[in-house]
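Undergrad: My structure is stored as my_file_14.pdb, with PDB, C-alpha atoms, pLDDT in the B column.
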ATOM      1  CA  MET A   1     -25.189-123.107 162.012  1.00 43.00           C
ATOM      2  CA  SER A   2     -21.489-122.400 162.463  1.00 55.00           C
ATOM      3  CA  GLN A   3     -20.234-118.916 162.980  1.00 67.00           C
ATOM      4  CA  ALA A   4     -17.834-117.180 160.670  1.00 83.00           C
ATOM      5  CA  SER A   5     -14.210-116.761 161.457  1.00 90.00           C
ATOM      6  CA  ILE A   6     -12.854-113.235 161.572  1.00 94.00           C
ATOM      7  CA  GLN A   7      -9.264-112.294 160.945  1.00 94.00           C
ATOM      8  CA  VAL A   8      -8.000-108.761 161.399  1.00 95.00           C
ATOM      9  CA  ALA A   9      -5.070-106.498 160.647  1.00 93.00           C
ATOM     10  CA  ILE A  10      -4.344-102.925 161.569  1.00 92.00           C
ATOM     11  CA  GLN A  11      -2.530-100.759 159.052  1.00 88.00           C
ATOM     12  CA  PRO A  12      -1.654 -97.065 159.316  1.00 84.00           C
ATOM     13  CA  ALA A  13      -4.543 -95.903 157.117  1.00 89.00           C
ATOM     14  CA  ARG A  14      -7.097 -98.645 157.739  1.00 90.00           C
ATOM     15  CA  ALA A  15      -8.181-101.640 159.724  1.00 94.00           C
ATOM     16  CA  LEU A  16      -9.082-104.864 157.948  1.00 94.00           C
ATOM     17  CA  LEU A  17     -11.553-107.563 158.903  1.00 95.00           C
ATOM     18  CA  LYS A  18     -11.711-110.680 156.761  1.00 94.00           C
ATOM     19  CA  VAL A  19     -14.964-112.569 157.232  1.00 95.00           C
ATOM     20  CA  THR A  20     -14.986-116.244 156.247  1.00 94.00           C
ATOM     21  CA  GLY A  21     -18.201-118.243 156.535  1.00 94.00           C
ATOM     22  CA  ARG A  22     -21.624-116.987 157.595  1.00 94.00           C
ATOM     23  CA  GLY A  23     -21.713-113.769 159.633  1.00 93.00           C
ATOM     24  CA  THR A  24     -24.166-114.305 162.488  1.00 92.00           C
ATOM     25  CA  PHE A  25     -25.194-112.782 165.796  1.00 90.00           C
ATOM     26  CA  GLU A  26     -22.687-115.098 167.485  1.00 89.00           C
ATOM     27  CA  ILE A  27     -19.686-113.032 166.377  1.00 90.00           C
ATOM     28  CA  THR A  28     -21.143-109.540 166.423  1.00 91.00           C
ATOM     29  CA  GLU A  29     -19.648-108.517 169.756  1.00 92.00           C
ATOM     30  CA  ALA A  30     -16.101-109.171 168.565  1.00 93.00           C
ATOM     31  CA  VAL A  31     -16.757-107.148 165.417  1.00 95.00           C
ATOM     32  CA  ARG A  32     -18.450-104.386 167.361  1.00 94.00           C
ATOM     33  CA  ARG A  33     -15.588-104.045 169.862  1.00 95.00           C
ATOM     34  CA  PHE A  34     -12.880-104.131 167.185  1.00 96.00           C
ATOM     35  CA  VAL A  35     -14.575-101.487 165.040  1.00 96.00           C
ATOM     36  CA  SER A  36     -15.289 -99.274 168.045  1.00 96.00           C
ATOM     37  CA  ALA A  37     -11.663 -99.430 169.196  1.00 96.00           C
ATOM     38  CA  ARG A  38     -10.380 -98.616 165.716  1.00 96.00           C
ATOM     39  CA  LEU A  39     -12.745 -95.660 165.342  1.00 96.00           C
ATOM     40  CA  GLU A  40     -11.796 -94.352 168.784  1.00 95.00           C
ATOM     41  CA  SER A  41      -8.125 -94.522 167.776  1.00 95.00           C
ATOM     42  CA  GLY A  42      -8.857 -92.304 164.760  1.00 95.00           C
ATOM     43  CA  CYS A  43      -8.707 -94.952 162.055  1.00 96.00           C
ATOM     44  CA  PRO A  44     -10.054 -93.331 158.853  1.00 96.00           C
ATOM     45  CA  MET A  45     -11.199 -96.532 157.093  1.00 95.00           C
ATOM     46  CA  ILE A  46     -12.357 -99.950 158.143  1.00 96.00           C
ATOM     47  CA  THR A  47     -12.507-102.556 155.402  1.00 95.00           C
ATOM     48  CA  PHE A  48     -14.531-105.749 155.658  1.00 96.00           C
ATOM     49  CA  GLU A  49     -13.139-108.227 153.124  1.00 95.00           C
ATOM     50  CA  LEU A  50     -16.118-110.428 152.272  1.00 95.00           C
ATOM     51  CA  SER A  51     -15.051-112.681 149.395  1.00 92.00           C
ATOM     52  CA  GLY A  52     -15.265-115.701 151.725  1.00 93.00           C
ATOM     53  CA  CYS A  53     -18.458-114.591 153.466  1.00 94.00           C
ATOM     54  CA  THR A  54     -21.210-117.053 152.576  1.00 93.00           C
ATOM     55  CA  GLY A  55     -24.041-115.008 154.056  1.00 93.00           C
ATOM     56  CA  MET A  56     -25.143-112.786 156.919  1.00 95.00           C
ATOM     57  CA  ASP A  57     -28.026-112.842 159.313  1.00 95.00           C
ATOM     58  CA  SER A  58     -29.920-109.654 160.039  1.00 95.00           C
ATOM     59  CA  THR A  59     -28.102-109.102 163.341  1.00 95.00           C
ATOM     60  CA  PHE A  60     -24.731-109.126 161.592  1.00 95.00           C
ATOM     61  CA  MET A  61     -26.065-106.702 158.964  1.00 97.00           C
ATOM     62  CA  GLY A  62     -27.379-104.493 161.765  1.00 97.00           C
ATOM     63  CA  ILE A  63     -23.937-104.452 163.407  1.00 96.00           C
ATOM     64  CA  LEU A  64     -22.427-103.412 160.058  1.00 96.00           C
ATOM     65  CA  ALA A  65     -24.989-100.605 159.883  1.00 96.00           C
ATOM     66  CA  MET A  66     -24.105 -99.569 163.454  1.00 95.00           C
ATOM     67  CA  ALA A  67     -20.423 -99.558 162.498  1.00 95.00           C
ATOM     68  CA  SER A  68     -21.153 -97.321 159.523  1.00 95.00           C
ATOM     69  CA  ARG A  69     -23.141 -94.867 161.613  1.00 94.00           C
ATOM     70  CA  GLY A  70     -20.318 -94.761 164.146  1.00 94.00           C
ATOM     71  CA  ALA A  71     -17.802 -94.208 161.359  1.00 96.00           C
ATOM     72  CA  LEU A  72     -19.826 -91.323 159.945  1.00 94.00           C
ATOM     73  CA  ALA A  73     -19.740 -89.621 163.343  1.00 94.00           C
ATOM     74  CA  LYS A  74     -15.926 -89.926 163.298  1.00 94.00           C
ATOM     75  CA  LYS A  75     -15.645 -88.911 159.622  1.00 95.00           C
ATOM     76  CA  ALA A  76     -14.414 -92.400 158.775  1.00 96.00           C
ATOM     77  CA  VAL A  77     -15.551 -94.886 156.135  1.00 95.00           C
ATOM     78  CA  ILE A  78     -16.761 -98.469 156.290  1.00 96.00           C
ATOM     79  CA  GLU A  79     -15.765-100.267 153.116  1.00 95.00           C
ATOM     80  CA  LEU A  80     -17.217-103.604 152.060  1.00 96.00           C
ATOM     81  CA  ALA A  81     -14.793-105.299 149.719  1.00 95.00           C
ATOM     82  CA  ASN A  82     -15.261-108.201 147.350  1.00 94.00           C
ATOM     83  CA  CYS A  83     -18.870-108.929 148.391  1.00 94.00           C
ATOM     84  CA  THR A  84     -20.461-111.994 146.937  1.00 93.00           C
ATOM     85  CA  PRO A  85     -23.587-111.174 144.924  1.00 94.00           C
ATOM     86  CA  ASP A  86     -25.854-112.714 147.589  1.00 93.00           C
ATOM     87  CA  VAL A  87     -24.306-110.714 150.441  1.00 95.00           C
ATOM     88  CA  LYS A  88     -24.475-107.468 148.484  1.00 95.00           C
ATOM     89  CA  LYS A  89     -28.085-108.172 147.474  1.00 95.00           C
ATOM     90  CA  GLY A  90     -29.043-108.772 151.126  1.00 94.00           C
ATOM     91  CA  LEU A  91     -27.555-105.444 152.214  1.00 95.00           C
ATOM     92  CA  ILE A  92     -29.170-103.565 149.334  1.00 95.00           C
ATOM     93  CA  THR A  93     -32.540-105.236 149.975  1.00 94.00           C
ATOM     94  CA  LEU A  94     -32.447-103.867 153.534  1.00 95.00           C
ATOM     95  CA  GLY A  95     -31.815-100.365 152.173  1.00 95.00           C
ATOM     96  CA  LEU A  96     -28.269-100.162 153.510  1.00 95.00           C
ATOM     97  CA  LYS A  97     -26.373 -99.445 150.282  1.00 94.00           C
ATOM     98  CA  ALA A  98     -25.793 -95.767 151.106  1.00 94.00           C
ATOM     99  CA  LEU A  99     -24.109 -96.632 154.421  1.00 95.00           C
ATOM    100  CA  PHE A 100     -21.118 -98.347 152.832  1.00 96.00           C
ATOM    101  CA  ARG A 101     -18.458 -97.926 150.201  1.00 94.00           C
ATOM    102  CA  PHE A 102     -18.533-101.053 148.047  1.00 95.00           C
ATOM    103  CA  THR A 103     -15.409-102.068 146.184  1.00 94.00           C
ATOM    104  CA  ASP A 104     -14.269-105.157 144.327  1.00 91.00           C
ATOM    105  CA  ASN A 105     -10.554-104.559 144.134  1.00 78.00           C
ATOM    106  CA  VAL A 106      -9.148-104.959 147.638  1.00 71.00           C
ATOM    107  CA  VAL A 107      -6.260-107.378 147.914  1.00 67.00           C
ATOM    108  CA  LEU A 108      -5.250-108.316 151.417  1.00 69.00           C
ATOM    109  CA  ASP A 109      -1.504-107.987 151.717  1.00 71.00           C
ATOM    110  CA  ALA A 110      -1.382-107.645 155.474  1.00 74.00           C
ATOM    111  CA  ALA A 111      -0.596-110.316 158.033  1.00 84.00           C
ATOM    112  CA  LEU A 112      -3.922-111.280 159.572  1.00 90.00           C
ATOM    113  CA  SER A 113      -4.574-112.595 163.051  1.00 91.00           C
ATOM    114  CA  GLY A 114      -7.656-114.230 164.486  1.00 91.00           C
ATOM    115  CA  LEU A 115     -10.208-112.085 166.290  1.00 91.00           C
ATOM    116  CA  GLU A 116     -11.331-113.657 169.539  1.00 87.00           C
ATOM    117  CA  ASN A 117     -15.034-113.584 170.216  1.00 85.00           C
ATOM    118  CA  PRO A 118     -15.834-112.755 173.843  1.00 88.00           C
ATOM    119  CA  THR A 119     -18.285-114.875 175.777  1.00 86.00           C
ATOM    120  CA  LEU A 120     -21.446-112.881 176.380  1.00 85.00           C
ATOM    121  CA  SER A 121     -24.252-113.356 178.819  1.00 85.00           C
ATOM    122  CA  ARG A 122     -27.694-114.023 177.395  1.00 87.00           C
ATOM    123  CA  GLU A 123     -28.596-110.469 178.428  1.00 89.00           C
ATOM    124  CA  GLN A 124     -25.718-109.006 176.408  1.00 89.00           C
ATOM    125  CA  GLN A 125     -26.590-111.149 173.378  1.00 90.00           C
ATOM    126  CA  HIS A 126     -30.210-110.064 173.724  1.00 90.00           C
ATOM    127  CA  ARG A 127     -29.162-106.393 173.845  1.00 92.00           C
ATOM    128  CA  ASN A 128     -26.928-106.781 170.754  1.00 92.00           C
ATOM    129  CA  ILE A 129     -29.720-108.391 168.766  1.00 94.00           C
ATOM    130  CA  LEU A 130     -32.184-105.670 169.791  1.00 95.00           C
ATOM    131  CA  GLU A 131     -29.775-102.808 169.021  1.00 95.00           C
ATOM    132  CA  ALA A 132     -28.798-104.321 165.659  1.00 96.00           C
ATOM    133  CA  HIS A 133     -32.413-104.665 164.531  1.00 95.00           C
ATOM    134  CA  GLN A 134     -33.369-101.226 165.809  1.00 96.00           C
ATOM    135  CA  THR A 135     -30.458 -99.846 163.782  1.00 95.00           C
ATOM    136  CA  LEU A 136     -31.766-101.592 160.664  1.00 96.00           C
ATOM    137  CA  VAL A 137     -35.109 -99.846 161.156  1.00 96.00           C
ATOM    138  CA  ASP A 138     -33.472 -96.500 161.942  1.00 94.00           C
ATOM    139  CA  ALA A 139     -31.279 -96.789 158.843  1.00 94.00           C
ATOM    140  CA  HIS A 140     -34.175 -97.605 156.509  1.00 95.00           C
ATOM    141  CA  GLU A 141     -37.820 -97.150 157.458  1.00 94.00           C
ATOM    142  CA  GLY A 142     -38.758 -99.864 154.984  1.00 93.00           C
ATOM    143  CA  ASN A 143     -37.301-102.412 157.423  1.00 95.00           C
ATOM    144  CA  ARG A 144     -39.867-101.606 160.111  1.00 94.00           C
ATOM    145  CA  ALA A 145     -42.474-104.049 158.824  1.00 94.00           C
ATOM    146  CA  GLU A 146     -39.950-106.884 158.679  1.00 93.00           C
ATOM    147  CA  PHE A 147     -38.437-106.367 162.125  1.00 95.00           C
ATOM    148  CA  GLN A 148     -41.110-104.673 164.245  1.00 94.00           C
ATOM    149  CA  ASP A 149     -42.433-107.919 165.742  1.00 94.00           C
ATOM    150  CA  LEU A 150     -38.937-109.073 166.692  1.00 93.00           C
ATOM    151  CA  ILE A 151     -38.077-105.678 168.203  1.00 94.00           C
ATOM    152  CA  LYS A 152     -41.325-105.650 170.161  1.00 94.00           C
ATOM    153  CA  PHE A 153     -40.700-109.173 171.429  1.00 92.00           C
ATOM    154  CA  LEU A 154     -37.137-108.331 172.489  1.00 91.00           C
ATOM    155  CA  LYS A 155     -38.262-105.183 174.294  1.00 91.00           C
ATOM    156  CA  GLU A 156     -41.069-106.988 176.093  1.00 90.00           C
ATOM    157  CA  ASN A 157     -38.948-109.989 177.056  1.00 86.00           C
ATOM    158  CA  PRO A 158     -35.622-108.710 178.344  1.00 78.00           C
ATOM    159  CA  GLU A 159     -33.221-111.412 179.419  1.00 67.00           C
TER     160      GLU A 159
END
Please go through the file and, once you have read it, give me the structure as structure tokens.
TA:
Amino acid sequence: MSQASIQVAIQPARALLKVTGRGTFEITEAVRRFVSARLESGCPMITFELSGCTGMDSTFMGILAMASRGALAKKAVIELANCTPDVKKGLITLGLKALFRFTDNVVLDAALSGLENPTLSREQQHRNILEAHQTLVDAHEGNRAEFQDLIKFLKENPE
């Protein structure tokens, strides 16, 4: 399973992340760090352009949910633009629709650059996966049944 590529741009009123390919746990740290830095700098909107996103695993969706919760605390918005029907359905199925602004009319006119994914230890990857899935449960109680065994396993088997 190959990871997605992420390209980014920073504009005065928003930061952009273009996701191409399948969003997986392998690239969540890069996304997490970029979003966190943008929110800390006072960025009012972060747009994920998803027209080229072929799918997302639950960890990637959990990181998106974490980003949205962080944005709410900073009075910012996470916008998901040009979602494919399958990606949007996956997010809605997990009860995450209310966390995002969905739009279908974002045109990227900014110069994009590649987002480097840092190398993480197994412990850091483990922690990201746990936090992402706990966020999915916190965001929508209906996700508890689906992820409780994984969360329990991750808590009982720290790396």
Undergrad: Given only C-alpha atoms as the basis, pick out the residue of A:Asn82, A:Thr119, A:Gln124, A:Asn105 nearest to Pro158 in chain A.
TA: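 So, comparing all the options, the nearest one is A:Gln124.
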Undergrad: Between A:Asp138, A:Glu116, A:Glu123, A:Asp104, which is the closest to Leu154 in chain A once you count only C-alpha atoms?
TA: A:Glu123
Undergrad: Tell me which of A:Ser36, A:Thr59, A:Phe147, A:Leu115 sits closest to Ser5 in chain A, counting all atoms listed in the file.
TA: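 Distance minimum relative to Ser5 in chain A lands on A:Leu115.
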Undergrad: Identify, on the basis of only C-alpha atoms, every residue whose closest approach to range 85-95 of chain A does not exceed 8 Å; exclude the query and any residue fewer than 4 positions from it along the same chain; express the result as a list in words.
TA: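 Once the adjacent positions are removed, what remains is Cys53, Thr54, Gly55, Met56, Met61, Leu136, Ala139, His140, Gly142 and Asn143 of chain A.
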Undergrad: How many Å separate CA of Glu146 in chain A from CA of Leu99 in chain A?
TA: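 Between CA of Glu146 in chain A and CA of Leu99 in chain A the gap works out to 19.3 Å.
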Undergrad: Running the PyMOL selection byres ((chain A and resi 10) around 10) on this model by hand, what would come out? Give it as a list of chain:residue names.
TA: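 So the PyMOL selection byres ((chain A and resi 10) around 10), applied here, picks out A:Val8, A:Ala9, A:Gln11, A:Pro12, A:Ala13, A:Arg14, A:Ala15, A:Leu16, A:Leu17, A:Arg38, A:Cys43, A:Ile46, A:Ala110, A:Ala111, A:Leu112, A:Ser113.
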Undergrad: Quick one: of A:Arg33, A:Arg101, A:Arg144, A:Lys18, who's nearest to Glu79 in chain A, counting all atoms listed in the file?
TA: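 Once distances to Glu79 in chain A are computed over all atoms listed in the file, the minimum belongs to A:Arg101.
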Undergrad: Fewer than 3 positions away in the same chain doesn't count, so skip those; otherwise give me all residues within 9 Å of Gln125 in chain A, counting only C-alpha atoms, as a list in words.
TA: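 Result of the neighbour search: Phe25, Glu26, Thr28, Glu29, Leu120, Ser121, Arg122, Asn128, Ile129, Leu130 and Glu159 of chain A.
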Undergrad: Mind checking which residues fall within 7 Å of Ala81 in chain A, counting only C-alpha atoms, ignoring those fewer than 6 positions away in the same chain, and posting them as a PyMOL selection string?
TA: chain A and resi 47-50+102-104+106
Undergrad: Could you jot down the CA of Ile63 in chain A to CA of Glu141 in chain A separation for me, Å, one decimal place?
TA: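 Between these atoms lies a distance of 16.8 Å.
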Undergrad: When you draw a straight line from CA of Phe34 in chain A to CA of Phe153 in chain A, how long is it in Å?
TA: 28.6 Å
